[in-house]
>>> print(open('upload-v2.csv').read())   # CSV, C-alpha atoms and all ligand atoms
chain,number,residue,atom,x,y,z
A,1,MET,CA,63.0,-17.7,-5.7
A,2,ASN,CA,65.1,-16.9,-8.7
A,3,TYR,CA,64.3,-13.7,-10.6
A,4,GLN,CA,65.9,-11.2,-12.9
A,5,LEU,CA,66.0,-7.7,-11.5
A,6,ILE,CA,65.9,-4.7,-13.9
A,7,ARG,CA,66.3,-1.3,-12.2
A,8,SER,CA,65.4,1.9,-13.8
A,9,LYS,CA,64.1,5.4,-13.1
A,10,ARG,CA,60.6,4.0,-12.7
A,11,LYS,CA,58.5,4.8,-9.6
A,12,THR,CA,56.8,1.5,-9.0
A,13,LEU,CA,57.6,-2.2,-8.8
A,14,SER,CA,56.3,-4.6,-11.5
A,15,LEU,CA,56.5,-8.4,-12.0
A,16,GLN,CA,56.3,-10.2,-15.2
A,17,ILE,CA,56.5,-13.9,-16.2
A,18,ASN,CA,58.2,-14.3,-19.6
A,19,SER,CA,57.6,-17.1,-22.1
A,20,ASN,CA,60.2,-19.2,-20.4
A,21,ALA,CA,58.3,-19.0,-17.1
A,22,GLU,CA,61.1,-16.8,-15.6
A,23,LEU,CA,60.2,-14.0,-13.2
A,24,ILE,CA,61.3,-10.5,-14.3
A,25,VAL,CA,61.2,-7.8,-11.7
A,26,ARG,CA,61.3,-4.1,-12.6
A,27,ALA,CA,62.1,-1.8,-9.8
A,28,PRO,CA,63.0,1.8,-9.0
A,29,ASN,CA,66.8,2.5,-8.8
A,30,ARG,CA,66.9,3.0,-5.1
A,31,LEU,CA,64.4,0.5,-3.7
A,32,SER,CA,66.1,-2.0,-1.3
A,33,VAL,CA,66.3,-5.7,-2.1
A,34,LYS,CA,64.5,-6.4,1.1
A,35,LYS,CA,61.5,-4.3,-0.1
A,36,ILE,CA,61.6,-6.0,-3.5
A,37,GLU,CA,61.7,-9.5,-2.1
A,38,GLN,CA,58.9,-8.6,0.3
A,39,PHE,CA,56.8,-7.6,-2.7
A,40,ILE,CA,57.7,-10.9,-4.5
A,41,ASP,CA,56.6,-12.8,-1.4
A,42,GLU,CA,53.3,-11.0,-1.3
A,43,LYS,CA,52.7,-11.9,-4.9
A,44,SER,CA,53.7,-15.5,-4.7
A,45,ASN,CA,50.2,-16.9,-5.5
A,46,TRP,CA,50.0,-14.8,-8.6
A,47,ILE,CA,53.6,-15.8,-9.7
A,48,GLU,CA,52.8,-19.5,-9.1
A,49,LYS,CA,49.6,-19.4,-11.1
A,50,LYS,CA,51.1,-17.4,-13.9
A,51,SER,CA,54.3,-19.6,-14.3
A,52,THR,CA,52.2,-22.8,-14.3
A,53,SER,CA,50.1,-21.6,-17.1
A,54,VAL,CA,53.1,-20.6,-19.1
A,55,ASP,CA,54.6,-24.1,-18.5
A,56,ALA,CA,51.3,-25.8,-19.5
A,57,LYS,CA,51.4,-24.0,-22.9
A,58,LYS,CA,54.8,-25.4,-23.8
A,59,PRO,CA,54.2,-28.3,-26.3
A,60,GLN,CA,54.8,-31.6,-24.5
A,61,LYS,CA,56.6,-33.7,-27.1
A,62,HIS,CA,55.1,-37.1,-27.9
A,63,SER,CA,57.0,-40.3,-27.0
A,64,TYR,CA,55.0,-42.6,-29.4
A,65,ILE,CA,54.1,-45.1,-26.7
A,66,GLU,CA,51.0,-47.2,-26.0
A,67,ALA,CA,47.8,-45.3,-25.1
A,68,GLU,CA,49.3,-41.9,-25.8
A,69,LYS,CA,46.7,-39.6,-27.3
A,70,PHE,CA,47.0,-38.0,-30.7
A,71,LEU,CA,44.8,-35.3,-32.3
A,72,TYR,CA,42.9,-35.5,-35.5
A,73,LEU,CA,40.3,-33.0,-36.6
A,74,GLY,CA,40.0,-31.8,-33.0
A,75,GLY,CA,39.4,-35.2,-31.5
A,76,GLU,CA,41.9,-37.1,-29.4
A,77,TYR,CA,42.6,-40.8,-30.2
A,78,PRO,CA,44.8,-43.3,-28.4
A,79,LEU,CA,47.8,-45.0,-30.0
A,80,SER,CA,48.4,-48.7,-30.0
A,81,VAL,CA,51.9,-49.9,-30.6
A,82,ASP,CA,52.5,-53.5,-31.6
A,83,ILE,CA,55.0,-55.1,-33.9
A,84,ASN,CA,52.2,-57.3,-35.2
A,85,HIS,CA,50.1,-54.4,-36.4
A,86,ALA,CA,50.0,-53.7,-40.2
A,87,LYS,CA,53.0,-51.8,-41.5
A,88,GLY,CA,53.3,-48.1,-40.8
A,89,LEU,CA,50.6,-46.0,-39.1
A,90,ASN,CA,46.9,-46.7,-39.5
A,91,PHE,CA,43.7,-45.2,-38.1
A,92,ASP,CA,40.4,-46.9,-37.9
A,93,GLY,CA,38.4,-43.9,-36.8
A,94,GLN,CA,39.0,-44.6,-33.1
A,95,ILE,CA,42.5,-45.9,-32.6
A,96,PHE,CA,45.9,-45.1,-34.2
A,97,SER,CA,47.9,-48.3,-34.7
A,98,LEU,CA,51.6,-48.3,-35.3
A,99,ASN,CA,53.9,-51.3,-35.8
A,100,THR,CA,57.1,-49.4,-35.5
A,101,GLY,CA,58.5,-45.9,-35.7
A,102,GLY,CA,57.0,-42.7,-34.4
A,103,LYS,CA,57.4,-39.1,-35.6
A,104,GLN,CA,58.0,-39.7,-39.3
A,105,GLU,CA,55.0,-42.1,-39.5
A,106,PHE,CA,52.8,-39.4,-37.9
A,107,LEU,CA,54.1,-36.6,-40.1
A,108,ALA,CA,53.4,-38.7,-43.2
A,109,TRP,CA,50.0,-39.7,-42.0
A,110,TYR,CA,49.0,-36.2,-41.1
A,111,LYS,CA,50.2,-34.9,-44.5
A,112,THR,CA,48.2,-37.4,-46.4
A,113,ALA,CA,45.1,-36.8,-44.3
A,114,PHE,CA,45.5,-33.1,-44.9
A,115,LYS,CA,45.7,-33.6,-48.6
A,116,ASN,CA,42.6,-35.8,-48.7
A,117,VAL,CA,40.4,-34.1,-46.1
A,118,ALA,CA,41.5,-30.4,-45.8
A,119,LEU,CA,42.9,-29.4,-49.2
A,120,PRO,CA,39.7,-29.8,-51.1
A,121,ARG,CA,38.3,-27.0,-48.9
A,122,LEU,CA,40.8,-24.6,-50.6
A,123,ASP,CA,39.3,-25.1,-54.0
A,124,TYR,CA,35.8,-25.1,-52.6
A,125,TYR,CA,36.2,-21.6,-51.1
A,126,ALA,CA,38.3,-20.4,-54.0
A,127,ASP,CA,35.6,-21.3,-56.5
A,128,LEU,CA,32.7,-20.1,-54.4
A,129,TYR,CA,34.2,-16.7,-53.8
A,130,GLN,CA,36.4,-16.3,-56.9
A,131,LEU,CA,39.6,-16.0,-55.0
A,132,ASN,CA,42.3,-17.2,-57.2
A,133,TYR,CA,45.6,-18.6,-56.0
A,134,GLN,CA,48.6,-19.7,-58.1
A,135,GLN,CA,50.1,-22.7,-56.2
A,136,VAL,CA,49.6,-24.3,-52.9
A,137,ARG,CA,52.4,-25.9,-50.8
A,138,LEU,CA,52.1,-28.0,-47.7
A,139,LYS,CA,54.7,-27.4,-45.0
A,140,THR,CA,55.3,-27.7,-41.3
A,141,GLN,CA,56.5,-24.5,-39.9
A,142,LYS,CA,56.2,-24.1,-36.2
A,143,THR,CA,53.4,-21.7,-35.2
A,144,LEU,CA,53.0,-20.5,-38.8
A,145,TRP,CA,49.7,-21.9,-40.0
A,146,GLY,CA,49.5,-20.4,-43.4
A,147,SER,CA,50.9,-17.7,-45.7
A,148,CYS,CA,50.1,-16.0,-49.0
A,149,SER,CA,52.9,-14.5,-51.2
A,150,SER,CA,52.7,-11.4,-53.3
A,151,VAL,CA,52.1,-13.5,-56.3
A,152,ASN,CA,49.3,-15.5,-54.5
A,153,ASN,CA,51.2,-18.7,-53.8
A,154,ILE,CA,49.7,-20.2,-50.6
A,155,ASN,CA,51.5,-22.2,-48.0
A,156,LEU,CA,49.5,-24.3,-45.5
A,157,ASN,CA,50.8,-26.1,-42.4
A,158,TYR,CA,49.5,-29.6,-42.7
A,159,LEU,CA,49.7,-30.1,-39.0
A,160,LEU,CA,46.5,-28.1,-39.0
A,161,ILE,CA,44.8,-31.4,-39.7
A,162,MET,CA,44.9,-32.0,-35.9
A,163,ALA,CA,42.6,-29.0,-35.4
A,164,PRO,CA,38.8,-28.9,-35.8
A,165,MET,CA,37.5,-28.4,-39.3
A,166,ASN,CA,36.2,-24.9,-38.6
A,167,VAL,CA,39.8,-23.9,-37.6
A,168,ILE,CA,41.2,-25.4,-40.8
A,169,ASP,CA,38.6,-23.5,-42.8
A,170,TYR,CA,39.5,-20.3,-41.0
A,171,VAL,CA,43.2,-20.6,-42.0
A,172,ILE,CA,42.3,-21.5,-45.6
A,173,VAL,CA,39.9,-18.6,-45.9
A,174,HIS,CA,42.3,-16.2,-44.2
A,175,GLU,CA,45.0,-17.0,-46.8
A,176,LEU,CA,42.5,-17.0,-49.7
A,177,ALA,CA,41.3,-13.5,-48.6
A,178,HIS,CA,45.0,-12.4,-48.8
A,179,THR,CA,44.9,-13.1,-52.6
A,180,LYS,CA,42.6,-10.0,-52.7
A,181,ILE,CA,43.7,-8.0,-49.8
A,182,LYS,CA,47.4,-8.3,-48.6
A,183,ASN,CA,47.1,-6.6,-45.3
A,184,HIS,CA,45.0,-7.1,-42.2
A,185,SER,CA,42.8,-4.0,-42.7
A,186,LYS,CA,39.1,-3.7,-41.8
A,187,ASP,CA,38.2,-4.7,-45.3
A,188,PHE,CA,40.3,-7.8,-45.0
A,189,TRP,CA,38.5,-9.0,-41.8
A,190,GLN,CA,35.1,-8.1,-43.4
A,191,LEU,CA,35.9,-10.4,-46.3
A,192,VAL,CA,36.8,-13.2,-43.9
A,193,GLU,CA,33.7,-12.6,-41.9
A,194,LEU,CA,31.5,-12.6,-45.1
A,195,ILE,CA,32.8,-16.1,-45.9
A,196,LEU,CA,33.0,-17.4,-42.3
A,197,PRO,CA,30.6,-15.4,-40.0
A,198,LYS,CA,32.0,-17.3,-36.9
A,199,TYR,CA,35.7,-17.0,-37.8
A,200,LYS,CA,36.5,-15.3,-34.5
A,201,ALA,CA,35.9,-18.5,-32.5
A,202,SER,CA,38.2,-20.4,-34.8
A,203,LYS,CA,40.9,-17.7,-34.6
A,204,SER,CA,40.9,-17.7,-30.8
A,205,TRP,CA,40.9,-21.6,-30.8
A,206,LEU,CA,44.1,-21.4,-32.8
A,207,LYS,CA,45.6,-18.8,-30.5
A,208,ASN,CA,44.9,-20.8,-27.4
A,209,ASN,CA,45.4,-24.3,-28.6
A,210,GLY,CA,47.9,-23.9,-31.5
A,211,TYR,CA,50.8,-25.2,-29.3
A,212,LYS,CA,49.1,-28.6,-29.1
A,213,LEU,CA,49.7,-29.0,-32.8
A,214,CYS,CA,53.5,-28.6,-32.5
A,215,ASN,CA,54.2,-31.6,-30.3
A,216,LEU,CA,55.4,-34.3,-32.7
B,301,ZN,ZN,47.1,-12.8,-42.6
>>> encode(input="upload-v2.csv", output="structure tokens", more="lines below")
Ligand SMILES: [Zn+2]
Amino acid sequence: MNYQLIRSKRKTLSLQINSNAELIVRAPNRLSVKKIEQFIDEKSNWIEKKSTSVDAKKPQKHSYIEAEKFLYLGGEYPLSVDINHAKGLNFDGQIFSLNTGGKQEFLAWYKTAFKNVALPRLDYYADLYQLNYQQVRLKTQKTLWGSCSSVNNINLNYLLIMAPMNVIDYVIVHELAHTKIKNHSKDFWQLVELILPKYKASKSWLKNNGYKLCNL
């Protein structure tokens, strides 16, 4: 088994799987390689389990082929690819149909869907709670779902349209709350909770599943 060995003045051995699924071993300066490898051997089940879960969290890129599944508002829908389909990408509520292309067609479709379905939520919450923003821009930044500038311009990642509506609402409300409170203080989270009492479930959905939205 390959591993990276870091020796130091420490007294105990420790193992870590980094985000690239590589094994990092921290060991005391004088501990023999034999002892180190014995320890690795004993922990092989843990290593296996841990590195598989890291691998599983890496976004698997789409290939835009028949029957591949695509997310929309938290649901998964199959793709049908046929040159005889209507031009571009279409969705009938159950199936995505594409005549030709792939990534660009999905990006455009998701952006339009975000504008039509998700963006109205921004003004809904802004009006309801008098949280005023200047401008809103739609972007696709990997793993950045939203941001709010010092002058209250809001950026939203339109790939969020793949997530369930409660998750989209959470990101929108989070950024709107920043128009009033710039930090992540207790007051900030209280404001978010006042608007979305169940925001914690949405926040952890994004933490655990966000990688699924970065696979185009
Ligand atoms: Zn924030």
>>> closest_atom_pairs(input="upload-v2.csv", of="chain A", to="ligand ZN 301 (chain B)", cutoff="7 Å", atoms="all atoms listed in the file", output="Markdown table")
| residue | atom | partner | partner_atom | distance |
| --- | --- | --- | --- | --- |
| A:Ser147 | CA | B:ZN301 | ZN | 6.9 |
| A:His174 | CA | B:ZN301 | ZN | 6.1 |
| A:Glu175 | CA | B:ZN301 | ZN | 6.3 |
| A:His178 | CA | B:ZN301 | ZN | 6.6 |
| A:Asn183 | CA | B:ZN301 | ZN | 6.8 |
| A:His184 | CA | B:ZN301 | ZN | 6.1 |
>>> write_last_selection(input="upload-v2.csv", atoms="C-alpha atoms", output="mmCIF file, in the coordinates of the input")
data_model
loop_
_atom_site.group_PDB
_atom_site.id
_atom_site.type_symbol
_atom_site.label_atom_id
_atom_site.label_comp_id
_atom_site.auth_asym_id
_atom_site.auth_seq_id
_atom_site.Cartn_x
_atom_site.Cartn_y
_atom_site.Cartn_z
ATOM 1 C CA SER A 147 50.900 -17.700 -45.700
ATOM 2 C CA HIS A 174 42.300 -16.200 -44.200
ATOM 3 C CA GLU A 175 45.000 -17.000 -46.800
ATOM 4 C CA HIS A 178 45.000 -12.400 -48.800
ATOM 5 C CA ASN A 183 47.100 -6.600 -45.300
ATOM 6 C CA HIS A 184 45.000 -7.100 -42.200
#
>>> residues_around(input="upload-v2.csv", residues="range 88-104 of chain A", least_positions_apart="2", cutoff="12 Å", atoms="all atoms listed in the file", output="number ranges by chain")
A: 61-73, 75-86, 106-113, 214-216
>>> atom_distance(input="upload-v2.csv", atom1="CA of Val54 in chain A", atom2="CA of Ser8 in chain A")
26.2 Å
>>> closest_residue(input="upload-v2.csv", among="A:Asp55, A:Lys198, A:Ser32, A:Ser44", to="Ser19 in chain A", atoms="only C-alpha atoms")
A:Asp55
>>> closest_residue(input="upload-v2.csv", among="A:Cys148, A:Ile195, A:Ile161, A:Leu156", to="Lys182 in chain A", atoms="all atoms listed in the file")
A:Cys148
>>> residues_around(input="upload-v2.csv", residues="range 4-7 of chain A", least_positions_apart="3", cutoff="9 Å", atoms="only C-alpha atoms", output="mmCIF file with C-alpha atoms, keeping the file's coordinate frame")
data_model
loop_
_atom_site.group_PDB
_atom_site.id
_atom_site.type_symbol
_atom_site.label_atom_id
_atom_site.label_comp_id
_atom_site.auth_asym_id
_atom_site.auth_seq_id
_atom_site.Cartn_x
_atom_site.Cartn_y
_atom_site.Cartn_z
ATOM 1 C CA ARG A 10 60.600 4.000 -12.700
ATOM 2 C CA GLU A 22 61.100 -16.800 -15.600
ATOM 3 C CA LEU A 23 60.200 -14.000 -13.200
ATOM 4 C CA ILE A 24 61.300 -10.500 -14.300
ATOM 5 C CA VAL A 25 61.200 -7.800 -11.700
ATOM 6 C CA ARG A 26 61.300 -4.100 -12.600
ATOM 7 C CA ALA A 27 62.100 -1.800 -9.800
ATOM 8 C CA PRO A 28 63.000 1.800 -9.000
ATOM 9 C CA ASN A 29 66.800 2.500 -8.800
ATOM 10 C CA ARG A 30 66.900 3.000 -5.100
ATOM 11 C CA LEU A 31 64.400 0.500 -3.700
#
>>> build_atoms(input="upload-v2.csv", residues="range 146-173 of chain A", atoms="N, CA and C atoms", output="PDB file, keeping the file's coordinate frame")
ATOM      1  N   GLY A 146      49.724 -20.567 -42.009  1.00  0.00           N
ATOM      2  CA  GLY A 146      49.500 -20.400 -43.400  1.00  0.00           C
ATOM      3  C   GLY A 146      50.165 -19.075 -43.856  1.00  0.00           C
ATOM      4  N   SER A 147      50.404 -18.938 -45.158  1.00  0.00           N
ATOM      5  CA  SER A 147      50.900 -17.700 -45.700  1.00  0.00           C
ATOM      6  C   SER A 147      50.485 -17.536 -47.128  1.00  0.00           C
ATOM      7  N   CYS A 148      50.507 -16.306 -47.596  1.00  0.00           N
ATOM      8  CA  CYS A 148      50.100 -16.000 -49.000  1.00  0.00           C
ATOM      9  C   CYS A 148      51.145 -15.045 -49.537  1.00  0.00           C
ATOM     10  N   SER A 149      51.846 -15.410 -50.625  1.00  0.00           N
ATOM     11  CA  SER A 149      52.900 -14.500 -51.200  1.00  0.00           C
ATOM     12  C   SER A 149      52.310 -13.431 -52.015  1.00  0.00           C
ATOM     13  N   SER A 150      53.191 -12.530 -52.445  1.00  0.00           N
ATOM     14  CA  SER A 150      52.700 -11.400 -53.300  1.00  0.00           C
ATOM     15  C   SER A 150      52.166 -11.849 -54.596  1.00  0.00           C
ATOM     16  N   VAL A 151      52.609 -13.031 -55.069  1.00  0.00           N
ATOM     17  CA  VAL A 151      52.100 -13.500 -56.300  1.00  0.00           C
ATOM     18  C   VAL A 151      50.984 -14.609 -56.101  1.00  0.00           C
ATOM     19  N   ASN A 152      50.455 -14.598 -54.871  1.00  0.00           N
ATOM     20  CA  ASN A 152      49.300 -15.500 -54.500  1.00  0.00           C
ATOM     21  C   ASN A 152      49.650 -16.978 -54.496  1.00  0.00           C
ATOM     22  N   ASN A 153      50.885 -17.314 -54.108  1.00  0.00           N
ATOM     23  CA  ASN A 153      51.200 -18.700 -53.800  1.00  0.00           C
ATOM     24  C   ASN A 153      50.820 -18.886 -52.298  1.00  0.00           C
ATOM     25  N   ILE A 154      50.098 -19.949 -52.013  1.00  0.00           N
ATOM     26  CA  ILE A 154      49.700 -20.200 -50.600  1.00  0.00           C
ATOM     27  C   ILE A 154      50.427 -21.347 -50.011  1.00  0.00           C
ATOM     28  N   ASN A 155      50.923 -21.137 -48.793  1.00  0.00           N
ATOM     29  CA  ASN A 155      51.500 -22.200 -48.000  1.00  0.00           C
ATOM     30  C   ASN A 155      50.562 -22.550 -46.862  1.00  0.00           C
ATOM     31  N   LEU A 156      50.367 -23.836 -46.642  1.00  0.00           N
ATOM     32  CA  LEU A 156      49.500 -24.300 -45.500  1.00  0.00           C
ATOM     33  C   LEU A 156      50.301 -25.263 -44.668  1.00  0.00           C
ATOM     34  N   ASN A 157      50.158 -25.136 -43.369  1.00  0.00           N
ATOM     35  CA  ASN A 157      50.800 -26.100 -42.400  1.00  0.00           C
ATOM     36  C   ASN A 157      49.912 -27.279 -42.276  1.00  0.00           C
ATOM     37  N   TYR A 158      50.398 -28.446 -42.739  1.00  0.00           N
ATOM     38  CA  TYR A 158      49.500 -29.600 -42.700  1.00  0.00           C
ATOM     39  C   TYR A 158      49.246 -30.177 -41.340  1.00  0.00           C
ATOM     40  N   LEU A 159      50.003 -29.709 -40.344  1.00  0.00           N
ATOM     41  CA  LEU A 159      49.700 -30.100 -39.000  1.00  0.00           C
ATOM     42  C   LEU A 159      48.363 -29.593 -38.486  1.00  0.00           C
ATOM     43  N   LEU A 160      47.810 -28.631 -39.257  1.00  0.00           N
ATOM     44  CA  LEU A 160      46.500 -28.100 -39.000  1.00  0.00           C
ATOM     45  C   LEU A 160      45.404 -29.218 -39.002  1.00  0.00           C
ATOM     46  N   ILE A 161      45.727 -30.348 -39.626  1.00  0.00           N
ATOM     47  CA  ILE A 161      44.800 -31.400 -39.700  1.00  0.00           C
ATOM     48  C   ILE A 161      44.421 -31.976 -38.299  1.00  0.00           C
ATOM     49  N   MET A 162      45.239 -31.611 -37.310  1.00  0.00           N
ATOM     50  CA  MET A 162      44.900 -32.000 -35.900  1.00  0.00           C
ATOM     51  C   MET A 162      43.806 -31.129 -35.355  1.00  0.00           C
ATOM     52  N   ALA A 163      43.577 -29.966 -35.949  1.00  0.00           N
ATOM     53  CA  ALA A 163      42.600 -29.000 -35.400  1.00  0.00           C
ATOM     54  C   ALA A 163      41.195 -29.303 -35.936  1.00  0.00           C
ATOM     55  N   PRO A 164      40.171 -28.784 -35.254  1.00  0.00           N
ATOM     56  CA  PRO A 164      38.800 -28.900 -35.800  1.00  0.00           C
ATOM     57  C   PRO A 164      38.645 -28.336 -37.157  1.00  0.00           C
ATOM     58  N   MET A 165      37.710 -28.869 -37.935  1.00  0.00           N
ATOM     59  CA  MET A 165      37.500 -28.400 -39.300  1.00  0.00           C
ATOM     60  C   MET A 165      37.269 -26.938 -39.438  1.00  0.00           C
ATOM     61  N   ASN A 166      36.523 -26.357 -38.489  1.00  0.00           N
ATOM     62  CA  ASN A 166      36.200 -24.900 -38.600  1.00  0.00           C
ATOM     63  C   ASN A 166      37.519 -24.085 -38.478  1.00  0.00           C
ATOM     64  N   VAL A 167      38.515 -24.621 -37.781  1.00  0.00           N
ATOM     65  CA  VAL A 167      39.800 -23.900 -37.600  1.00  0.00           C
ATOM     66  C   VAL A 167      40.598 -24.034 -38.938  1.00  0.00           C
ATOM     67  N   ILE A 168      40.558 -25.214 -39.546  1.00  0.00           N
ATOM     68  CA  ILE A 168      41.200 -25.400 -40.800  1.00  0.00           C
ATOM     69  C   ILE A 168      40.601 -24.478 -41.878  1.00  0.00           C
ATOM     70  N   ASP A 169      39.268 -24.435 -41.884  1.00  0.00           N
ATOM     71  CA  ASP A 169      38.600 -23.500 -42.800  1.00  0.00           C
ATOM     72  C   ASP A 169      38.981 -22.094 -42.597  1.00  0.00           C
ATOM     73  N   TYR A 170      39.127 -21.719 -41.332  1.00  0.00           N
ATOM     74  CA  TYR A 170      39.500 -20.300 -41.000  1.00  0.00           C
ATOM     75  C   TYR A 170      40.880 -20.009 -41.649  1.00  0.00           C
ATOM     76  N   VAL A 171      41.859 -20.881 -41.475  1.00  0.00           N
ATOM     77  CA  VAL A 171      43.200 -20.600 -42.000  1.00  0.00           C
ATOM     78  C   VAL A 171      43.156 -20.564 -43.545  1.00  0.00           C
ATOM     79  N   ILE A 172      42.441 -21.497 -44.125  1.00  0.00           N
ATOM     80  CA  ILE A 172      42.300 -21.500 -45.600  1.00  0.00           C
ATOM     81  C   ILE A 172      41.671 -20.246 -46.119  1.00  0.00           C
ATOM     82  N   VAL A 173      40.573 -19.843 -45.497  1.00  0.00           N
ATOM     83  CA  VAL A 173      39.900 -18.600 -45.900  1.00  0.00           C
ATOM     84  C   VAL A 173      40.716 -17.385 -45.686  1.00  0.00           C
TER      85      VAL A 173
END
